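See below for run12.pdb, which holds PDB, C-alpha atoms and all ligand atoms.
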ATOM      1  CA  MET Q   1      24.376 -13.381 103.092
ATOM      2  CA  ASP Q   2      27.217 -15.889 103.108
ATOM      3  CA  ASP Q   3      28.118 -19.484 102.519
ATOM      4  CA  ALA Q   4      28.739 -20.388 106.155
ATOM      5  CA  ALA Q   5      25.478 -22.322 106.329
ATOM      6  CA  ALA Q   6      26.907 -24.838 103.896
ATOM      7  CA  SER Q   7      29.718 -25.807 106.247
ATOM      8  CA  PRO Q   8      29.489 -28.894 108.467
ATOM      9  CA  SER Q   9      27.868 -27.760 111.708
ATOM     10  CA  ALA Q  10      29.783 -30.256 113.845
ATOM     11  CA  ALA Q  11      32.935 -28.278 113.223
ATOM     12  CA  TYR Q  12      31.385 -24.929 114.114
ATOM     13  CA  VAL Q  13      32.897 -23.317 117.199
ATOM     14  CA  GLY Q  14      32.079 -19.697 117.957
ATOM     15  CA  ARG Q  15      33.083 -17.491 120.812
ATOM     16  CA  PHE Q  16      32.392 -14.222 122.585
ATOM     17  CA  ALA Q  17      35.554 -12.705 124.000
ATOM     18  CA  PRO Q  18      34.848  -9.707 126.227
ATOM     19  CA  SER Q  19      37.545  -7.761 128.030
ATOM     20  CA  PRO Q  20      36.531  -7.296 131.675
ATOM     21  CA  THR Q  21      37.303  -3.595 131.639
ATOM     22  CA  GLY Q  22      33.681  -2.853 132.505
ATOM     23  CA  LEU Q  23      30.229  -4.350 132.147
ATOM     24  CA  LEU Q  24      28.486  -5.194 128.895
ATOM     25  CA  HIS Q  25      26.707  -2.258 127.279
ATOM     26  CA  ALA Q  26      24.350  -1.925 124.319
ATOM     27  CA  GLY Q  27      27.286  -2.122 121.869
ATOM     28  CA  SER Q  28      28.979  -5.203 123.270
ATOM     29  CA  LEU Q  29      25.669  -7.046 123.585
ATOM     30  CA  VAL Q  30      25.268  -6.817 119.790
ATOM     31  CA  ALA Q  31      28.483  -8.824 119.314
ATOM     32  CA  ALA Q  32      27.526 -11.286 122.066
ATOM     33  CA  LEU Q  33      24.058 -11.850 120.622
ATOM     34  CA  ALA Q  34      25.308 -12.202 117.030
ATOM     35  CA  SER Q  35      27.994 -14.725 117.953
ATOM     36  CA  TRP Q  36      25.493 -16.739 120.025
ATOM     37  CA  LEU Q  37      22.876 -16.687 117.234
ATOM     38  CA  ASP Q  38      25.402 -17.702 114.600
ATOM     39  CA  ALA Q  39      26.661 -20.628 116.681
ATOM     40  CA  ARG Q  40      23.133 -21.803 117.485
ATOM     41  CA  ALA Q  41      21.967 -21.372 113.873
ATOM     42  CA  HIS Q  42      24.846 -23.589 112.744
ATOM     43  CA  GLY Q  43      24.189 -26.173 115.450
ATOM     44  CA  GLY Q  44      27.669 -25.385 116.738
ATOM     45  CA  ARG Q  45      29.309 -24.738 120.082
ATOM     46  CA  TRP Q  46      29.489 -21.297 121.682
ATOM     47  CA  LEU Q  47      32.292 -20.388 124.067
ATOM     48  CA  VAL Q  48      32.970 -17.394 126.287
ATOM     49  CA  ARG Q  49      36.550 -16.261 126.781
ATOM     50  CA  MET Q  50      37.525 -13.548 129.235
ATOM     51  CA  GLU Q  51      40.266 -11.449 127.697
ATOM     52  CA  ASP Q  52      41.697 -10.301 131.000
ATOM     53  CA  LEU Q  53      45.381  -9.934 130.085
ATOM     54  CA  ASP Q  54      45.447  -6.158 130.201
ATOM     55  CA  THR Q  55      45.674  -6.135 133.979
ATOM     56  CA  PRO Q  56      45.976  -2.332 134.322
ATOM     57  CA  ARG Q  57      42.605  -1.948 132.563
ATOM     58  CA  ASN Q  58      40.732  -4.812 134.238
ATOM     59  CA  VAL Q  59      37.951  -3.796 136.587
ATOM     60  CA  ALA Q  60      37.503  -5.910 139.711
ATOM     61  CA  GLY Q  61      34.355  -8.019 139.546
ATOM     62  CA  ALA Q  62      33.663  -7.183 135.867
ATOM     63  CA  ALA Q  63      34.288 -10.727 134.583
ATOM     64  CA  GLU Q  64      31.735 -12.232 136.965
ATOM     65  CA  ALA Q  65      29.311  -9.388 136.230
ATOM     66  CA  ILE Q  66      29.595  -9.961 132.455
ATOM     67  CA  LEU Q  67      28.921 -13.673 132.906
ATOM     68  CA  ALA Q  68      25.856 -12.793 134.994
ATOM     69  CA  GLN Q  69      24.643 -10.341 132.316
ATOM     70  CA  LEU Q  70      24.993 -12.985 129.586
ATOM     71  CA  ASP Q  71      23.170 -15.500 131.744
ATOM     72  CA  ARG Q  72      20.294 -13.091 132.403
ATOM     73  CA  CYS Q  73      20.000 -12.522 128.644
ATOM     74  CA  GLY Q  74      19.766 -16.291 128.080
ATOM     75  CA  LEU Q  75      23.138 -16.408 126.284
ATOM     76  CA  ARG Q  76      24.670 -19.506 127.867
ATOM     77  CA  ALA Q  77      27.970 -21.002 126.800
ATOM     78  CA  ASP Q  78      28.565 -24.695 126.129
ATOM     79  CA  ALA Q  79      31.601 -24.805 128.432
ATOM     80  CA  PRO Q  80      32.805 -22.844 131.449
ATOM     81  CA  ALA Q  81      34.398 -19.520 130.492
ATOM     82  CA  VAL Q  82      38.158 -19.573 130.019
ATOM     83  CA  PHE Q  83      40.332 -16.760 131.357
ATOM     84  CA  GLN Q  84      43.340 -15.638 129.352
ATOM     85  CA  SER Q  85      45.208 -14.769 132.553
ATOM     86  CA  ARG Q  86      45.399 -18.531 133.242
ATOM     87  CA  ARG Q  87      46.807 -19.368 129.823
ATOM     88  CA  LEU Q  88      50.076 -17.426 129.808
ATOM     89  CA  ALA Q  89      52.171 -20.531 129.044
ATOM     90  CA  LEU Q  90      50.380 -20.876 125.694
ATOM     91  CA  TYR Q  91      51.220 -17.317 124.655
ATOM     92  CA  GLU Q  92      54.817 -17.720 125.832
ATOM     93  CA  ALA Q  93      55.169 -20.889 123.749
ATOM     94  CA  ALA Q  94      53.799 -19.129 120.659
ATOM     95  CA  LEU Q  95      56.179 -16.236 121.207
ATOM     96  CA  ARG Q  96      59.084 -18.680 121.446
ATOM     97  CA  ARG Q  97      58.045 -20.312 118.172
ATOM     98  CA  LEU Q  98      58.041 -16.944 116.447
ATOM     99  CA  GLN Q  99      61.422 -16.115 117.978
ATOM    100  CA  ALA Q 100      62.839 -19.457 116.832
ATOM    101  CA  LYS Q 101      61.675 -18.621 113.282
ATOM    102  CA  GLY Q 102      63.410 -15.261 113.486
ATOM    103  CA  ARG Q 103      60.044 -13.513 113.335
ATOM    104  CA  ALA Q 104      60.004 -11.918 116.800
ATOM    105  CA  TYR Q 105      62.600  -9.527 118.130
ATOM    106  CA  PRO Q 106      63.168  -7.412 121.243
ATOM    107  CA  CYS Q 107      62.521  -3.685 120.968
ATOM    108  CA  ALA Q 108      63.928  -0.940 123.179
ATOM    109  CA  CYS Q 109      61.709   1.893 121.902
ATOM    110  CA  SER Q 110      59.638   3.790 124.425
ATOM    111  CA  ARG Q 111      56.366   5.521 123.558
ATOM    112  CA  ARG Q 112      58.301   8.776 123.529
ATOM    113  CA  ASP Q 113      60.845   7.420 121.005
ATOM    114  CA  LEU Q 114      57.993   6.307 118.770
ATOM    115  CA  ALA Q 115      56.130   9.606 119.069
ATOM    116  CA  LEU Q 116      59.297  11.458 118.086
ATOM    117  CA  ALA Q 117      59.891   9.149 115.124
ATOM    118  CA  ALA Q 118      56.282   9.548 113.949
ATOM    119  CA  ALA Q 119      56.507  13.319 114.196
ATOM    120  CA  ALA Q 120      59.655  13.425 112.057
ATOM    121  CA  PRO Q 121      59.085  14.551 108.440
ATOM    122  CA  THR Q 122      59.593  11.001 107.133
ATOM    123  CA  GLY Q 123      57.573   9.342 109.925
ATOM    124  CA  GLY Q 124      54.858   7.108 108.561
ATOM    125  CA  SER Q 125      51.362   6.767 109.864
ATOM    126  CA  ASP Q 126      48.585   4.435 108.782
ATOM    127  CA  ALA Q 127      45.069   5.296 107.670
ATOM    128  CA  LEU Q 128      43.899   5.391 111.287
ATOM    129  CA  GLY Q 129      46.533   7.922 112.211
ATOM    130  CA  GLU Q 130      48.518   5.431 114.274
ATOM    131  CA  ALA Q 131      52.245   5.516 113.829
ATOM    132  CA  VAL Q 132      53.748   2.732 111.735
ATOM    133  CA  TYR Q 133      56.710   1.278 113.613
ATOM    134  CA  PRO Q 134      59.810   2.772 111.973
ATOM    135  CA  GLY Q 135      61.868  -0.405 112.435
ATOM    136  CA  THR Q 136      64.428   1.121 114.812
ATOM    137  CA  CYS Q 137      65.257  -2.137 116.640
ATOM    138  CA  ARG Q 138      64.854  -4.545 113.708
ATOM    139  CA  ASP Q 139      68.567  -5.031 113.396
ATOM    140  CA  GLY Q 140      69.444  -5.044 117.086
ATOM    141  CA  LEU Q 141      69.112  -3.115 120.294
ATOM    142  CA  HIS Q 142      72.352  -1.140 119.858
ATOM    143  CA  GLY Q 143      73.173  -1.534 123.536
ATOM    144  CA  LYS Q 144      69.746  -0.439 124.796
ATOM    145  CA  ALA Q 145      67.603  -2.507 127.162
ATOM    146  CA  ALA Q 146      64.789  -4.574 125.670
ATOM    147  CA  ARG Q 147      61.282  -3.365 126.555
ATOM    148  CA  SER Q 148      58.765  -5.072 124.298
ATOM    149  CA  VAL Q 149      58.784  -7.870 121.713
ATOM    150  CA  ARG Q 150      57.674  -7.166 118.149
ATOM    151  CA  LEU Q 151      56.728  -9.288 115.152
ATOM    152  CA  ARG Q 152      59.014  -8.914 112.165
ATOM    153  CA  VAL Q 153      56.488  -8.233 109.389
ATOM    154  CA  GLU Q 154      58.002  -8.891 105.997
ATOM    155  CA  ALA Q 155      56.909  -6.927 102.961
ATOM    156  CA  GLY Q 156      56.067 -10.220 101.247
ATOM    157  CA  ASP Q 157      53.822 -11.544 104.044
ATOM    158  CA  GLY Q 158      50.471 -12.751 102.749
ATOM    159  CA  SER Q 159      50.765 -15.501 100.154
ATOM    160  CA  GLY Q 160      53.742 -13.945  98.484
ATOM    161  CA  GLU Q 161      51.979 -10.600  98.141
ATOM    162  CA  ALA Q 162      52.303  -7.683 100.487
ATOM    163  CA  LYS Q 163      48.583  -7.830 101.252
ATOM    164  CA  ILE Q 164      46.529 -10.101 103.480
ATOM    165  CA  ALA Q 165      43.220 -10.672 101.720
ATOM    166  CA  TRP Q 166      40.140 -12.136 103.402
ATOM    167  CA  THR Q 167      36.392 -12.038 103.071
ATOM    168  CA  ASP Q 168      34.173 -10.808 105.850
ATOM    169  CA  ARG Q 169      30.758 -12.471 105.876
ATOM    170  CA  ARG Q 170      29.015  -9.086 106.170
ATOM    171  CA  LEU Q 171      31.486  -6.576 104.775
ATOM    172  CA  GLY Q 172      32.761  -8.613 101.825
ATOM    173  CA  PRO Q 173      36.338  -8.681 100.494
ATOM    174  CA  GLN Q 174      38.938  -6.954 102.652
ATOM    175  CA  HIS Q 175      42.663  -6.532 102.373
ATOM    176  CA  GLN Q 176      45.494  -4.940 104.256
ATOM    177  CA  ASP Q 177      49.166  -4.557 103.577
ATOM    178  CA  VAL Q 178      50.278  -5.165 107.149
ATOM    179  CA  ALA Q 179      53.867  -4.080 106.542
ATOM    180  CA  ARG Q 180      52.748  -0.696 105.241
ATOM    181  CA  ALA Q 181      49.673  -0.146 107.393
ATOM    182  CA  VAL Q 182      51.008  -1.286 110.761
ATOM    183  CA  GLY Q 183      54.604  -2.433 110.462
ATOM    184  CA  ASP Q 184      56.269  -4.592 113.103
ATOM    185  CA  PHE Q 185      53.567  -4.776 115.753
ATOM    186  CA  VAL Q 186      53.919  -5.576 119.445
ATOM    187  CA  LEU Q 187      53.516  -9.166 120.641
ATOM    188  CA  LYS Q 188      54.493  -8.583 124.269
ATOM    189  CA  ARG Q 189      54.305  -5.154 125.814
ATOM    190  CA  ALA Q 190      56.961  -3.369 127.844
ATOM    191  CA  ASP Q 191      54.903  -4.061 130.996
ATOM    192  CA  GLY Q 192      55.106  -7.798 130.268
ATOM    193  CA  VAL Q 193      51.504  -8.132 129.081
ATOM    194  CA  PHE Q 194      50.993 -10.326 126.004
ATOM    195  CA  ALA Q 195      49.398  -8.274 123.236
ATOM    196  CA  TYR Q 196      45.772  -8.844 122.304
ATOM    197  CA  GLN Q 197      46.744  -9.798 118.726
ATOM    198  CA  LEU Q 198      48.922 -12.699 119.847
ATOM    199  CA  ALA Q 199      46.636 -13.987 122.599
ATOM    200  CA  VAL Q 200      43.500 -13.923 120.451
ATOM    201  CA  VAL Q 201      45.194 -15.903 117.669
ATOM    202  CA  VAL Q 202      46.641 -18.486 120.055
ATOM    203  CA  ASP Q 203      43.287 -18.952 121.789
ATOM    204  CA  ASP Q 204      41.141 -19.042 118.653
ATOM    205  CA  GLY Q 205      43.525 -21.750 117.414
ATOM    206  CA  ALA Q 206      43.674 -23.695 120.693
ATOM    207  CA  GLN Q 207      39.883 -23.579 121.141
ATOM    208  CA  GLY Q 208      39.240 -24.674 117.565
ATOM    209  CA  VAL Q 209      37.252 -21.529 116.789
ATOM    210  CA  SER Q 210      35.841 -21.804 113.281
ATOM    211  CA  ASP Q 211      33.862 -18.568 113.250
ATOM    212  CA  VAL Q 212      34.752 -15.242 114.777
ATOM    213  CA  VAL Q 213      31.725 -12.975 115.133
ATOM    214  CA  ARG Q 214      32.639  -9.674 116.783
ATOM    215  CA  GLY Q 215      32.245  -5.906 116.521
ATOM    216  CA  GLU Q 216      33.343  -3.975 113.468
ATOM    217  CA  ASP Q 217      35.835  -1.984 115.542
ATOM    218  CA  LEU Q 218      38.088  -5.063 115.309
ATOM    219  CA  VAL Q 219      37.998  -5.375 111.526
ATOM    220  CA  ASP Q 220      41.324  -3.558 111.284
ATOM    221  CA  SER Q 221      42.984  -6.183 113.527
ATOM    222  CA  THR Q 222      41.959  -9.101 111.348
ATOM    223  CA  ALA Q 223      44.817  -8.955 108.831
ATOM    224  CA  ARG Q 224      47.375  -8.929 111.668
ATOM    225  CA  GLN Q 225      45.641 -11.948 113.175
ATOM    226  CA  ILE Q 226      45.591 -13.838 109.885
ATOM    227  CA  LEU Q 227      49.294 -13.111 109.443
ATOM    228  CA  LEU Q 228      50.010 -14.533 112.909
ATOM    229  CA  GLN Q 229      47.845 -17.595 112.186
ATOM    230  CA  ARG Q 230      49.918 -18.293 109.090
ATOM    231  CA  LEU Q 231      53.206 -17.872 110.918
ATOM    232  CA  LEU Q 232      52.025 -20.177 113.728
ATOM    233  CA  GLY Q 233      50.543 -22.758 111.348
ATOM    234  CA  LEU Q 234      46.981 -22.194 112.605
ATOM    235  CA  PRO Q 235      43.833 -22.280 110.465
ATOM    236  CA  THR Q 236      42.073 -19.012 109.663
ATOM    237  CA  PRO Q 237      38.492 -18.879 110.932
ATOM    238  CA  ARG Q 238      35.645 -17.229 109.031
ATOM    239  CA  TYR Q 239      34.984 -13.676 110.167
ATOM    240  CA  LEU Q 240      31.789 -11.692 110.561
ATOM    241  CA  HIS Q 241      32.065  -8.181 111.968
ATOM    242  CA  THR Q 242      28.819  -6.823 113.371
ATOM    243  CA  PRO Q 243      27.579  -3.232 113.020
ATOM    244  CA  LEU Q 244      28.675  -0.811 115.702
ATOM    245  CA  VAL Q 245      26.147   0.947 117.876
ATOM    246  CA  ARG Q 246      26.761   4.695 117.792
ATOM    247  CA  THR Q 247      26.047   7.513 120.184
ATOM    248  CA  ALA Q 248      23.734  10.376 119.115
ATOM    249  CA  ASP Q 249      26.741  12.303 117.773
ATOM    250  CA  GLY Q 250      28.045   9.350 115.744
ATOM    251  CA  ALA Q 251      30.867   8.119 118.012
ATOM    252  CA  LYS Q 252      31.238   4.391 118.598
ATOM    253  CA  LEU Q 253      29.354   3.431 121.734
ATOM    254  CA  SER Q 254      31.962   2.266 124.228
ATOM    255  CA  LYS Q 255      32.901   2.546 127.852
ATOM    256  CA  GLN Q 256      34.987   5.579 126.853
ATOM    257  CA  THR Q 257      32.005   7.330 125.260
ATOM    258  CA  GLY Q 258      29.945   6.775 128.366
ATOM    259  CA  ALA Q 259      27.915   3.674 127.460
ATOM    260  CA  MET Q 260      25.714   2.635 130.358
ATOM    261  CA  PRO Q 261      26.075  -0.957 131.590
ATOM    262  CA  LEU Q 262      23.068  -3.091 130.698
ATOM    263  CA  ALA Q 263      20.569  -3.332 133.508
ATOM    264  CA  LEU Q 264      20.059  -6.873 134.737
ATOM    265  CA  ASP Q 265      16.456  -6.325 135.786
ATOM    266  CA  ASP Q 266      15.020  -6.151 132.251
ATOM    267  CA  PRO Q 267      17.117  -8.240 129.821
ATOM    268  CA  LEU Q 268      14.539  -7.992 127.017
ATOM    269  CA  ALA Q 269      14.858  -4.221 127.066
ATOM    270  CA  ALA Q 270      18.544  -4.788 126.271
ATOM    271  CA  LEU Q 271      18.087  -7.632 123.774
ATOM    272  CA  ARG Q 272      15.498  -5.830 121.610
ATOM    273  CA  PRO Q 273      17.769  -2.950 120.523
ATOM    274  CA  ALA Q 274      20.645  -5.411 120.022
ATOM    275  CA  GLY Q 275      18.415  -7.433 117.689
ATOM    276  CA  ALA Q 276      17.351  -4.242 115.896
ATOM    277  CA  ALA Q 277      20.998  -3.231 115.423
ATOM    278  CA  LEU Q 278      21.487  -6.578 113.660
ATOM    279  CA  GLY Q 279      18.413  -5.954 111.507
ATOM    280  CA  LEU Q 280      16.431  -8.814 113.080
ATOM    281  CA  ALA Q 281      12.644  -8.507 113.330
ATOM    282  CA  ALA Q 282      12.481 -10.701 116.441
ATOM    283  CA  ARG Q 283       9.341 -10.847 118.572
ATOM    284  CA  GLY Q 284       8.446 -12.237 121.953
ATOM    285  CA  THR Q 285       7.668 -11.145 125.464
ATOM    286  CA  ARG Q 286       9.727 -13.842 127.204
ATOM    287  CA  ILE Q 287      13.493 -14.091 126.768
ATOM    288  CA  ALA Q 288      13.411 -17.672 125.468
ATOM    289  CA  ASP Q 289      10.680 -16.819 122.919
ATOM    290  CA  TRP Q 290      12.441 -13.695 121.773
ATOM    291  CA  LEU Q 291      15.748 -15.588 121.327
ATOM    292  CA  GLU Q 292      13.967 -18.351 119.390
ATOM    293  CA  SER Q 293      12.403 -15.742 117.131
ATOM    294  CA  ALA Q 294      15.773 -13.993 116.649
ATOM    295  CA  LEU Q 295      17.309 -17.370 115.838
ATOM    296  CA  GLY Q 296      14.651 -17.938 113.160
ATOM    297  CA  CYS Q 297      15.513 -14.563 111.601
ATOM    298  CA  TRP Q 298      19.241 -15.348 111.712
ATOM    299  CA  ARG Q 299      18.710 -18.790 110.140
ATOM    300  CA  GLU Q 300      16.722 -17.286 107.311
ATOM    301  CA  ARG Q 301      19.514 -14.834 106.705
ATOM    302  CA  ILE Q 302      22.365 -17.332 106.594
ATOM    303  CA  GLU Q 303      20.340 -19.816 104.570
ATOM    304  CA  ALA Q 304      19.366 -17.197 101.978
ATOM    305  CA  PRO Q 305      21.087 -17.997  98.666
TER     306      PRO Q 305
HETATM  307  N1  LIG Q 401      38.437  -8.698 123.855
HETATM  308  C1  LIG Q 401      38.130  -7.921 122.677
HETATM  309  C2  LIG Q 401      37.214  -6.780 123.048
HETATM  310  O1  LIG Q 401      36.519  -6.863 124.050
HETATM  311  C3  LIG Q 401      37.429  -8.715 121.608
HETATM  312  C4  LIG Q 401      38.315  -9.711 120.989
HETATM  313  C5  LIG Q 401      37.733 -10.452 119.809
HETATM  314  O2  LIG Q 401      36.515 -10.675 119.749
HETATM  315  O3  LIG Q 401      38.527 -10.836 118.965
HETATM  316  O4  LIG Q 401      37.175  -5.791 122.337
END
Written as structure tokens, that's how I'd like the structure from this file.
Ligand code: GLU
Amino acid sequence: MDDAAASPSAAYVGRFAPSPTGLLHAGSLVAALASWLDARAHGGRWLVRMEDLDTPRNVAGAAEAILAQLDRCGLRADAPAVFQSRRLALYEAALRRLQAKGRAYPCACSRRDLALAAAAPTGGSDALGEAVYPGTCRDGLHGKAARSVRLRVEAGDGSGEAKIAWTDRRLGPQHQDVARAVGDFVLKRADGVFAYQLAVVVDDGAQGVSDVVRGEDLVDSTARQILLQRLLGLPTPRYLHTPLVRTADGAKLSKQTGAMPLALDDPLAALRPAGAALGLAARGTRIADWLESALGCWRERIEAP
């Protein structure tokens, strides 16, 4: 499946990074299980990081509940969970470095300004239908008040080409021209919240994460993250994006599409479908046995030539 098995296991650090906007559901457990299995199969460390920066979306008690769900499923981290809300100084320092390099600038555009610009005949939008930032504040605020901070994405970003190229361990070669697909993206929001893209890159770097294993819904963010790693002088981890669990009508299973939180009373009933979603023929009637069996399947996969 990939060449990750050949890497020195001592350097392997994996992580699961849930946002406490609700409890784990069948979809998020797939990412948690895969990242745990991959870390264990490599003899590496597995960390849990609570991505709780988006304070308006956080749900009270969800972080503790997620940790309890992971524990019940036998997915135990090698260090206490870290909380992004306690690491703001790190993100501020990274933002200052980007500003000092002339790569971050204040932006006065409101959502309404951006919607109007995107609706204009020349307004660009990327493949996902999201508006590409039109660059209004690139050359200054023109007397308007700063709201957010954006990254200045240069057309040549990505080893002298416009594209960031990387290889996903499951999906194979990927590339994105960040300037064309996304444009100057937000690093710090108008409400003062550091953007996910910045925080995840700073933390993966600070925690020495060698392998990111997470859901396929985040594949589109990877090029932006690699660009930020390069600008901040951080190494790029290996990436493996896991299959998404879908609802009966094909939508991604998520809190928005009504995914039920995993019940704590029968963890195996939750682990079995997560294993199946990863294509693992794991067996066992006790959690520890089932995880050991799943680990055997995962090892076989990553050791396959
Ligand atoms: N916190 C993100 C989420 O729950 C995941 C971040 C990541 O794994 O990079 O969707």
Under the rule that only C-alpha atoms are counted, which of Q:Leu232, Q:Ala223, Q:Ala282, Q:Ala131 is the nearest residue to Gly205 of chain Q?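 Closest candidate: Q:Leu232.
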Which residues sit within 10 Å of ligand LIG 401 (chain Q), counting all atoms listed in the file, listed as an MDAnalysis selection string? chainID Q and resid 15:22 24 28 31:32 35 49:54 196:197 199:201 203:204 212:219 221:222 225 239 241 254
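The space separating atom CA of Ala181 of chain Q from atom CA of Arg96 of chain Q comes to 25.1 Å.
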Correct to one decimal, the distance atom CA of Leu264 of chain Q-atom CA of Trp290 of chain Q is 16.5 Å
I'd like to see the residues matched by the PyMOL selection byres (((chain Q and resi 178) around 8) and not hetatm) on this file, and ideally I'd get them as a list in words.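 Here the PyMOL selection byres (((chain Q and resi 178) around 8) and not hetatm) matches Val153, Asp157, Ala162, Lys163, Ile164, Gln176, Asp177, Ala179, Arg180, Ala181, Val182, Gly183, Ala223 and Arg224 of chain Q.
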Might you pull out every residue within 7 Å of Trp36 of chain Q, with all atoms listed in the file counted and same-chain residues fewer than 3 positions away left off, and present them as a PyMOL selection string? chain Q and resi 32-33+39-40+46+75
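Residues near the point (29.0, -11.2, 130.8), at a distance of 9 Å or less over all atoms listed in the file, make up Pro18, Pro20, Leu23, Leu24, Leu29, Ala32, Val48, Met50, Ala62, Ala63, Glu64, Ala65, Ile66, Leu67, Ala68, Gln69, Leu70 and Asp71 of chain Q.
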Which centre and which edge lengths, in Å to one decimal, describe the axis-aligned box that holds all listed atoms of segment 165-184 of chain Q after 4 Å is added on each side, as lines of an AutoDock Vina configuration file?
center_x = 42.6
center_y = -6.3
center_z = 106.8
size_x = 35.3
size_y = 20.3
size_z = 20.6
Would you write out, as a VMD selection string, every residue that the PyMOL selection byres (((chain Q and resi 258) around 12) and not hetatm) captures in this file? chain Q and resid 22 to 23 25 to 27 246 to 248 251 to 257 259 to 261
Suppose you want the space between atom CA of Pro134 of chain Q and atom CA of Ala119 of chain Q; what is it in Å? 11.3 Å
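Among Q:Leu151, Q:Ala281, Q:Ala206, Q:Thr167, the residue with the shortest atom-to-atom distance to Arg238 of chain Q, counting only C-alpha atoms, is Q:Thr167.
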Give me, as CSV, each residue of segment 7-109 of chain Q that comes within 10 Å of segment 186-195 of chain Q, together with its shortest interatomic pair and the distance in Å at one decimal, counting all atoms listed in the file, with rows ordered by chain and rising residue number.
residue,atom,partner,partner_atom,distance
Q:Leu53,CA,Q:Val193,CA,6.5
Q:Asp54,CA,Q:Val193,CA,6.5
Q:Thr55,CA,Q:Val193,CA,7.9
Q:Pro56,CA,Q:Val193,CA,9.6
Q:Gln84,CA,Q:Phe194,CA,9.9
Q:Ser85,CA,Q:Val193,CA,9.8
Q:Leu88,CA,Q:Phe194,CA,8.1
Q:Tyr91,CA,Q:Phe194,CA,7.1
Q:Glu92,CA,Q:Phe194,CA,8.3
Q:Ala94,CA,Q:Leu187,CA,10.0
Q:Leu95,CA,Q:Leu187,CA,7.6
Q:Leu98,CA,Q:Leu187,CA,9.9
Q:Ala104,CA,Q:Leu187,CA,8.0
Q:Tyr105,CA,Q:Leu187,CA,9.4
Q:Pro106,CA,Q:Lys188,CA,9.3
Q:Cys107,CA,Q:Ala190,CA,8.8
Q:Ala108,CA,Q:Ala190,CA,8.7
Q:Cys109,CA,Q:Ala190,CA,9.2
Taking the structure I provided as the source, export segment 50-61 of chain Q with N, CA, C and O atoms, as a tab-separated table (two decimals), in the first residue's frame.
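Output file out_36.tsv is given in full below:
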chain	number	residue	atom	x	y	z
Q	50	MET	N	-7.06	18.24	20.87
Q	50	MET	CA	-8.41	18.81	20.78
Q	50	MET	C	-8.35	20.12	20.01
Q	50	MET	O	-7.70	21.08	20.46
Q	51	GLU	N	-9.00	20.15	18.88
Q	51	GLU	CA	-8.96	21.35	18.04
Q	51	GLU	C	-10.17	22.22	18.40
Q	51	GLU	O	-11.20	22.23	17.72
Q	52	ASP	N	-9.98	22.92	19.52
Q	52	ASP	CA	-11.10	23.66	20.14
Q	52	ASP	C	-10.97	25.17	19.97
Q	52	ASP	O	-11.39	25.93	20.84
Q	53	LEU	N	-10.38	25.59	18.83
Q	53	LEU	CA	-10.20	27.04	18.62
Q	53	LEU	C	-11.48	27.72	18.18
Q	53	LEU	O	-11.68	28.91	18.45
Q	54	ASP	N	-12.34	26.99	17.50
Q	54	ASP	CA	-13.53	27.60	16.92
Q	54	ASP	C	-14.59	27.72	18.01
Q	54	ASP	O	-15.60	27.01	18.02
Q	55	THR	N	-14.32	28.64	18.93
Q	55	THR	CA	-15.16	28.71	20.15
Q	55	THR	C	-16.66	28.80	19.87
Q	55	THR	O	-17.43	28.18	20.60
Q	56	PRO	N	-17.10	29.53	18.82
Q	56	PRO	CA	-18.56	29.56	18.60
Q	56	PRO	C	-19.14	28.18	18.31
Q	56	PRO	O	-20.32	27.94	18.55
Q	57	ARG	N	-18.33	27.27	17.78
Q	57	ARG	CA	-18.86	25.94	17.40
Q	57	ARG	C	-18.61	24.87	18.47
Q	57	ARG	O	-19.15	23.76	18.37
Q	58	ASN	N	-17.78	25.18	19.46
Q	58	ASN	CA	-17.51	24.17	20.50
Q	58	ASN	C	-18.78	23.85	21.27
Q	58	ASN	O	-19.60	24.72	21.52
Q	59	VAL	N	-18.89	22.59	21.66
Q	59	VAL	CA	-20.04	22.17	22.47
Q	59	VAL	C	-19.51	21.84	23.87
Q	59	VAL	O	-18.53	21.09	24.00
Q	60	ALA	N	-20.13	22.43	24.88
Q	60	ALA	CA	-19.66	22.21	26.25
Q	60	ALA	C	-19.65	20.72	26.58
Q	60	ALA	O	-20.61	20.00	26.29
Q	61	GLY	N	-18.55	20.27	27.15
Q	61	GLY	CA	-18.44	18.88	27.58
Q	61	GLY	C	-18.03	17.90	26.48
Q	61	GLY	O	-17.75	16.73	26.74
